[in-house]
Amino acid sequence: MSEPVPITINVNGRRRSAMVEARLLLVHYLRENLNLTGTHVGCDTSQCGACTVLLDGRSTKSCTVFAVLADGSEVQTIEGLADGDELHPLQDGFWEEHGLQCGYCTPGMIMSAANLLQENPSPSEDEIREGISGNLCRCTGYQHIVNAIQHAAERMAQS
Amino acid sequence: MIPTAFDYRRATSVAEALALLQEGGPEAKLLAGGHSLIPMMKQRLAEPGLLIDIGGLDELRGIEEQDDGDIAIGAAMTHAEIAASELLRAQAPIVAETAAAIGDAQVRNRGTIGGSLAHADPGADLPAVMVALDATIAILGPNGDRQVAAEDFFQDILTVDLEEGEIVTGVCFAPCRSAAYAKLEQRASKFALVGVAAALTLDGGSCSSARVAVTGASSHAQRLGGVEDALAGASLPDGAASAAAGAGDGLEFVNEDLHGSEGYRRAMTAVFARRAIEAAAGRG
Ligand SMILES: Cc1cc2nc3c(=O)[nH]c(=O)nc-3n(C[C@H](O)[C@H](O)[C@H](O)COP(=O)(O)OP(=O)(O)OC[C@H]3O[C@@H](n4cnc5c(N)ncnc54)[C@H](O)[C@@H]3O)c2cc1C
Ligand code: FES
Ligand code: FES
C-alpha cells in the first residue's frame with residue numbers, strides 16, 4: 001500500500017491541507033474533499049475541458065493532474081471567480097450573451113477563457129476559438145460562447 | 001478512472017531524481033507534465049509503483065543561447081513556454097510554432113518537451129522538428145551524461161534510446177530560420193496523422209541542402225532521405241512539389257487506424273512535405 005501524502009493547496013484564496021492518496025486526481029479532491037462541485041467531469045480522458053481550473057494561474061485539466069502535484073500551488077475554480085455578489089466579467093458575459101444552455105461545459109469554458117484573456121486581453125474571434133479549443137460544448141454551437149468572451153473582454157478593457 | 005496506487009516523491013534536484021530512479025528500479029517512473037503518463041495510468045496501461053516528479057526542477061528549465069550560438073531548451077519547459085519564447089520566435093520559429101500547435105491551451109500549459117521526446121508518441125509533433133533541426137538530446141544517467149542525435153534517439157513506437165535510470169535533461173540545436181512544420185491533425189486531439197518538418201539551407205532561390213523528417217505516418221519520427229536528396233540543388237518554391245512527390249513511398253511502415261488508412265497517410269505525407277518545404281522556403 002502506498003503512504004498517504006500531506007498536501008497544502010491554496011484554493012480560491014483559502015489554505016486547505018489534507019492527507020491524500022497520491023493517486024487522487026485534483027478534480028476529485030476539489031469535488032469530493034472540498035465539495036467544490038462547480039468543476040465538472042465530462043470525459044475523464046483529458047479531452048473535454050469540463051474539469052478546467054487555474055493552477056498557478058494557468059488553465060489545467062484537473063482530471064489530468066494528481067492533487068499531490070498541486071501541493072504548494074494556487075488553484076482557482078469557478079467558485080472563486082466572483083467578487084462577493086459581483087459576478088466576474090466572464091460570468092456576466094455568459095449571462096448577458098446566453099453563453100450556455102445545459103451549463104455542463106460552462107465552468108471549464110470560463111476558466112479557459114480566463115486563461116486566454118490573461119494572456120491576450122483583446123483576442124480576435126479566431127484567437128478565442130483557438131483559446132477554447134480544449135473545451136467541448138455539446139449544446140451551444142460555440143457562437144454564443146465566443147460572444148460572451150468578447151463581451152467580457154470589452155468590459156474588462158473598460159474597467 | 002482511478003490508477004493503481006503508487007508512491008509519490010517530488011525530486012528537489014536532478015541528482016535526487018537519479019538516485020530515486022536507482023532506488024525504485026523498474027517500478028519507478030518519471031513524471032514531468034503528466035499529459036501522456038497520467039492518461040495511461042488512468043487506463044492502467046502504465047502502473048508504476050513509484051512516481052518521481054521532476055516537473056518543477058529549476059535545473060531542467062530555461063531556453064538559452066549558448067556560447068557557441070546553439071539554442072538549448074531544458075526538458076521541463078512546457079509547450080506554452082516554448083511557444084511564447086521570443087528567442088525561439090526569432091532564431092528557430094519552427095520550434096515555437098510547433099509547440100503552439102500541440103493539443104490545446106491546457107495541454108500546452110502542462111506538457112513538456114522532455115516528456116514529449118521521451119514518450120515518443122508516433123503522432124507527437126516535436127520529435128520530427130528535432131530530427132529535422134539535427135538536434136542533440138542531452139541525457140544524464142548513473143554513469144554520467146551522454147548526447148544522442150535526435151535521428152538516432154527515436155527508434156520505434158514509444159521507444160527511444162533511453163536506458164532505465166536515465167533522464168532527458170534537454171535538447172540543443174543550431175538556430176535555423178528557414179524551417180517549417182506542417183501537419184494534418186487528428187481533429188480532436190491535434191496529434192499528427194501526418195506531420196512533416198523541413199529545415200532548408202537556402203542559397204538565393206535554390207536549396208543547397210535540406211533535412212526533412214516525418215512524424216505520425218510511421219512508427220517514429222524519421223528522416224525522409226529521398227526528399228532530402230531531391231531537394232539538394234532544387235529551385236524553390238517551384239521545385240517543392242516534385243521533391244515532395246515521393247515522400248510517402250519511401251516509408252517502410254505506415255500507420256493505419258480509424259483516422260487514416262495506410263494509403264491516405266502515404267498520400268498525405270507528400271502533401272504535407274510540400275507544404276512544409278514551401279513554408280520553409282518562404283522564410284529564406
Ligand atoms: C488531449 C491531449 C492532446 C494532445 N495533443 C498533442 C499534440 O497535438 N501533439 C503532441 O505532440 N502531443 C500532444 N499531446 C501530448 C502532450 O504533448 C504530452 O504532454 C507530452 O507528450 C508528454 O509530456 P509530459 O511532460 O506531459 O510527459 P509525462 O506524461 O509526464 O511523461 C511521459 C513519459 O516520458 C517520461 N519522461 C518525462 N520526462 C522525462 C525526462 N525528462 N526524461 C526521461 N523521461 C521522461 C515519463 O516517465 C513518461 O514515461 C496531447 C496530450 C493530451 C492529453
Ligand atoms: S473531464 Fe477532464 S478533460 Fe474531460
Ligand atoms: S452548454 Fe451544454 S455542454 Fe455547453
# chains A, B, ... in the order shown; residues from 1 in each chain; ligands from 1
>>> residues_near_ligand(ligand="ligand 2", cutoff="6 Å", atoms="only C-alpha atoms and all ligand atoms", output="list in words")
Val41, Gly42, Cys43, Asp44, Thr45, Ser46, Gln47, Cys48, Gly49, Ala50, Cys51, Lys61, Ser62 and Cys63 of chain A
>>> write_last_selection(atoms="C-alpha atoms", output="short mmCIF file (atom, residue, chain, number, x, y, z; two decimals), in the first residue's frame")
data_model
loop_
_atom_site.label_atom_id
_atom_site.label_comp_id
_atom_site.auth_asym_id
_atom_site.auth_seq_id
_atom_site.Cartn_x
_atom_site.Cartn_y
_atom_site.Cartn_z
CA VAL A 41 -16.04 15.76 -15.01
CA GLY A 42 -17.16 15.36 -18.61
CA CYS A 43 -14.96 12.73 -20.21
CA ASP A 44 -12.31 11.78 -17.64
CA THR A 45 -9.99 11.24 -20.63
CA SER A 46 -8.34 14.68 -20.96
CA GLN A 47 -10.43 15.66 -23.95
CA CYS A 48 -13.43 17.81 -22.96
CA GLY A 49 -12.11 20.53 -20.66
CA ALA A 50 -15.15 20.47 -18.32
CA CYS A 51 -12.72 19.98 -15.41
CA LYS A 61 -7.50 19.89 -16.90
CA SER A 62 -7.90 18.84 -13.27
CA CYS A 63 -8.74 15.27 -14.33
#
>>> residues_around(residues="Ala90 (chain B)", least_positions_apart="4", cutoff="9 Å", atoms="only C-alpha atoms", output="VMD selection string")
chain B and resid 85 to 86 177
>>> residues_near_ligand(ligand="ligand 3", cutoff="6 Å", atoms="only C-alpha atoms and all ligand atoms", output="list of chain:residue names")
A:Leu100, A:Gln101, A:Cys102, A:Gly103, A:Tyr104, A:Cys105, A:Thr106, A:Cys137, A:Arg138, A:Cys139, A:Thr140
>>> residues_near_ligand(ligand="ligand 1", cutoff="6 Å", atoms="only C-alpha atoms and all ligand atoms", output="PyMOL selection string")
(chain A and resi 46-47) or (chain B and resi 29-37+75+102-103+107+111-112+114-116+118-119+124-126+167-169+189-191)
>>> atom_distance(atom1="CA of Gln106 (chain B)", atom2="CA of Leu136 (chain A)")
12.8 Å
>>> closest_residue(among="A:Gln143, A:His151, A:Asn10, A:Ser112", to="Asp126 (chain A)", atoms="only C-alpha atoms")
A:Gln143
>>> decode(residues="region 62-81 of chain B", atoms="N, CA, C and O atoms", output="PDB file, in the first residue's frame")
ATOM      1  N   GLY B  62      14.608  26.549 -18.700  1.00  0.00           N
ATOM      2  CA  GLY B  62      15.372  27.559 -19.418  1.00  0.00           C
ATOM      3  C   GLY B  62      15.400  27.342 -20.920  1.00  0.00           C
ATOM      4  O   GLY B  62      15.333  26.201 -21.400  1.00  0.00           O
ATOM      5  N   ILE B  63      15.431  28.451 -21.638  1.00  0.00           N
ATOM      6  CA  ILE B  63      15.632  28.443 -23.092  1.00  0.00           C
ATOM      7  C   ILE B  63      16.736  29.461 -23.322  1.00  0.00           C
ATOM      8  O   ILE B  63      16.543  30.649 -23.074  1.00  0.00           O
ATOM      9  N   GLU B  64      17.909  28.973 -23.722  1.00  0.00           N
ATOM     10  CA  GLU B  64      19.069  29.867 -23.734  1.00  0.00           C
ATOM     11  C   GLU B  64      19.923  29.718 -24.976  1.00  0.00           C
ATOM     12  O   GLU B  64      20.054  28.627 -25.517  1.00  0.00           O
ATOM     13  N   GLU B  65      20.535  30.845 -25.351  1.00  0.00           N
ATOM     14  CA  GLU B  65      21.534  30.805 -26.402  1.00  0.00           C
ATOM     15  C   GLU B  65      22.868  30.494 -25.730  1.00  0.00           C
ATOM     16  O   GLU B  65      23.258  31.151 -24.770  1.00  0.00           O
ATOM     17  N   GLN B  66      23.555  29.481 -26.233  1.00  0.00           N
ATOM     18  CA  GLN B  66      24.819  29.104 -25.601  1.00  0.00           C
ATOM     19  C   GLN B  66      25.968  29.872 -26.229  1.00  0.00           C
ATOM     20  O   GLN B  66      25.786  30.553 -27.236  1.00  0.00           O
ATOM     21  N   ASP B  67      27.171  29.718 -25.669  1.00  0.00           N
ATOM     22  CA  ASP B  67      28.332  30.463 -26.171  1.00  0.00           C
ATOM     23  C   ASP B  67      28.597  30.192 -27.646  1.00  0.00           C
ATOM     24  O   ASP B  67      29.001  31.073 -28.390  1.00  0.00           O
ATOM     25  N   ASP B  68      28.357  28.953 -28.092  1.00  0.00           N
ATOM     26  CA  ASP B  68      28.612  28.620 -29.498  1.00  0.00           C
ATOM     27  C   ASP B  68      27.442  29.032 -30.408  1.00  0.00           C
ATOM     28  O   ASP B  68      27.448  28.719 -31.602  1.00  0.00           O
ATOM     29  N   GLY B  69      26.448  29.697 -29.859  1.00  0.00           N
ATOM     30  CA  GLY B  69      25.333  30.160 -30.686  1.00  0.00           C
ATOM     31  C   GLY B  69      24.166  29.193 -30.740  1.00  0.00           C
ATOM     32  O   GLY B  69      23.071  29.559 -31.172  1.00  0.00           O
ATOM     33  N   ASP B  70      24.386  27.952 -30.337  1.00  0.00           N
ATOM     34  CA  ASP B  70      23.284  26.981 -30.331  1.00  0.00           C
ATOM     35  C   ASP B  70      22.242  27.350 -29.278  1.00  0.00           C
ATOM     36  O   ASP B  70      22.540  28.049 -28.313  1.00  0.00           O
ATOM     37  N   ILE B  71      21.043  26.829 -29.464  1.00  0.00           N
ATOM     38  CA  ILE B  71      19.963  27.103 -28.516  1.00  0.00           C
ATOM     39  C   ILE B  71      19.685  25.833 -27.712  1.00  0.00           C
ATOM     40  O   ILE B  71      19.543  24.755 -28.293  1.00  0.00           O
ATOM     41  N   ALA B  72      19.621  25.987 -26.400  1.00  0.00           N
ATOM     42  CA  ALA B  72      19.344  24.840 -25.523  1.00  0.00           C
ATOM     43  C   ALA B  72      18.008  25.050 -24.826  1.00  0.00           C
ATOM     44  O   ALA B  72      17.727  26.148 -24.336  1.00  0.00           O
ATOM     45  N   ILE B  73      17.203  24.009 -24.813  1.00  0.00           N
ATOM     46  CA  ILE B  73      15.910  24.056 -24.111  1.00  0.00           C
ATOM     47  C   ILE B  73      15.928  22.985 -23.030  1.00  0.00           C
ATOM     48  O   ILE B  73      16.227  21.820 -23.301  1.00  0.00           O
ATOM     49  N   GLY B  74      15.585  23.381 -21.797  1.00  0.00           N
ATOM     50  CA  GLY B  74      15.528  22.429 -20.696  1.00  0.00           C
ATOM     51  C   GLY B  74      14.333  21.503 -20.837  1.00  0.00           C
ATOM     52  O   GLY B  74      13.282  21.891 -21.338  1.00  0.00           O
ATOM     53  N   ALA B  75      14.513  20.263 -20.356  1.00  0.00           N
ATOM     54  CA  ALA B  75      13.491  19.226 -20.560  1.00  0.00           C
ATOM     55  C   ALA B  75      12.141  19.592 -19.952  1.00  0.00           C
ATOM     56  O   ALA B  75      11.096  19.189 -20.458  1.00  0.00           O
ATOM     57  N   ALA B  76      12.152  20.364 -18.847  1.00  0.00           N
ATOM     58  CA  ALA B  76      10.884  20.631 -18.158  1.00  0.00           C
ATOM     59  C   ALA B  76      10.163  21.873 -18.671  1.00  0.00           C
ATOM     60  O   ALA B  76       9.180  22.302 -18.068  1.00  0.00           O
ATOM     61  N   MET B  77      10.642  22.440 -19.777  1.00  0.00           N
ATOM     62  CA  MET B  77       9.926  23.603 -20.333  1.00  0.00           C
ATOM     63  C   MET B  77       8.613  23.128 -20.953  1.00  0.00           C
ATOM     64  O   MET B  77       8.577  22.145 -21.690  1.00  0.00           O
ATOM     65  N   THR B  78       7.549  23.861 -20.651  1.00  0.00           N
ATOM     66  CA  THR B  78       6.251  23.453 -21.199  1.00  0.00           C
ATOM     67  C   THR B  78       6.110  23.929 -22.640  1.00  0.00           C
ATOM     68  O   THR B  78       6.780  24.853 -23.086  1.00  0.00           O
ATOM     69  N   HIS B  79       5.174  23.280 -23.323  1.00  0.00           N
ATOM     70  CA  HIS B  79       4.889  23.684 -24.712  1.00  0.00           C
ATOM     71  C   HIS B  79       4.484  25.156 -24.744  1.00  0.00           C
ATOM     72  O   HIS B  79       4.849  25.882 -25.658  1.00  0.00           O
ATOM     73  N   ALA B  80       3.716  25.608 -23.735  1.00  0.00           N
ATOM     74  CA  ALA B  80       3.276  27.014 -23.715  1.00  0.00           C
ATOM     75  C   ALA B  80       4.470  27.954 -23.574  1.00  0.00           C
ATOM     76  O   ALA B  80       4.528  28.996 -24.234  1.00  0.00           O
ATOM     77  N   GLU B  81       5.421  27.580 -22.728  1.00  0.00           N
ATOM     78  CA  GLU B  81       6.606  28.436 -22.550  1.00  0.00           C
ATOM     79  C   GLU B  81       7.447  28.465 -23.821  1.00  0.00           C
ATOM     80  O   GLU B  81       7.988  29.511 -24.194  1.00  0.00           O
TER      81      GLU B  81
END
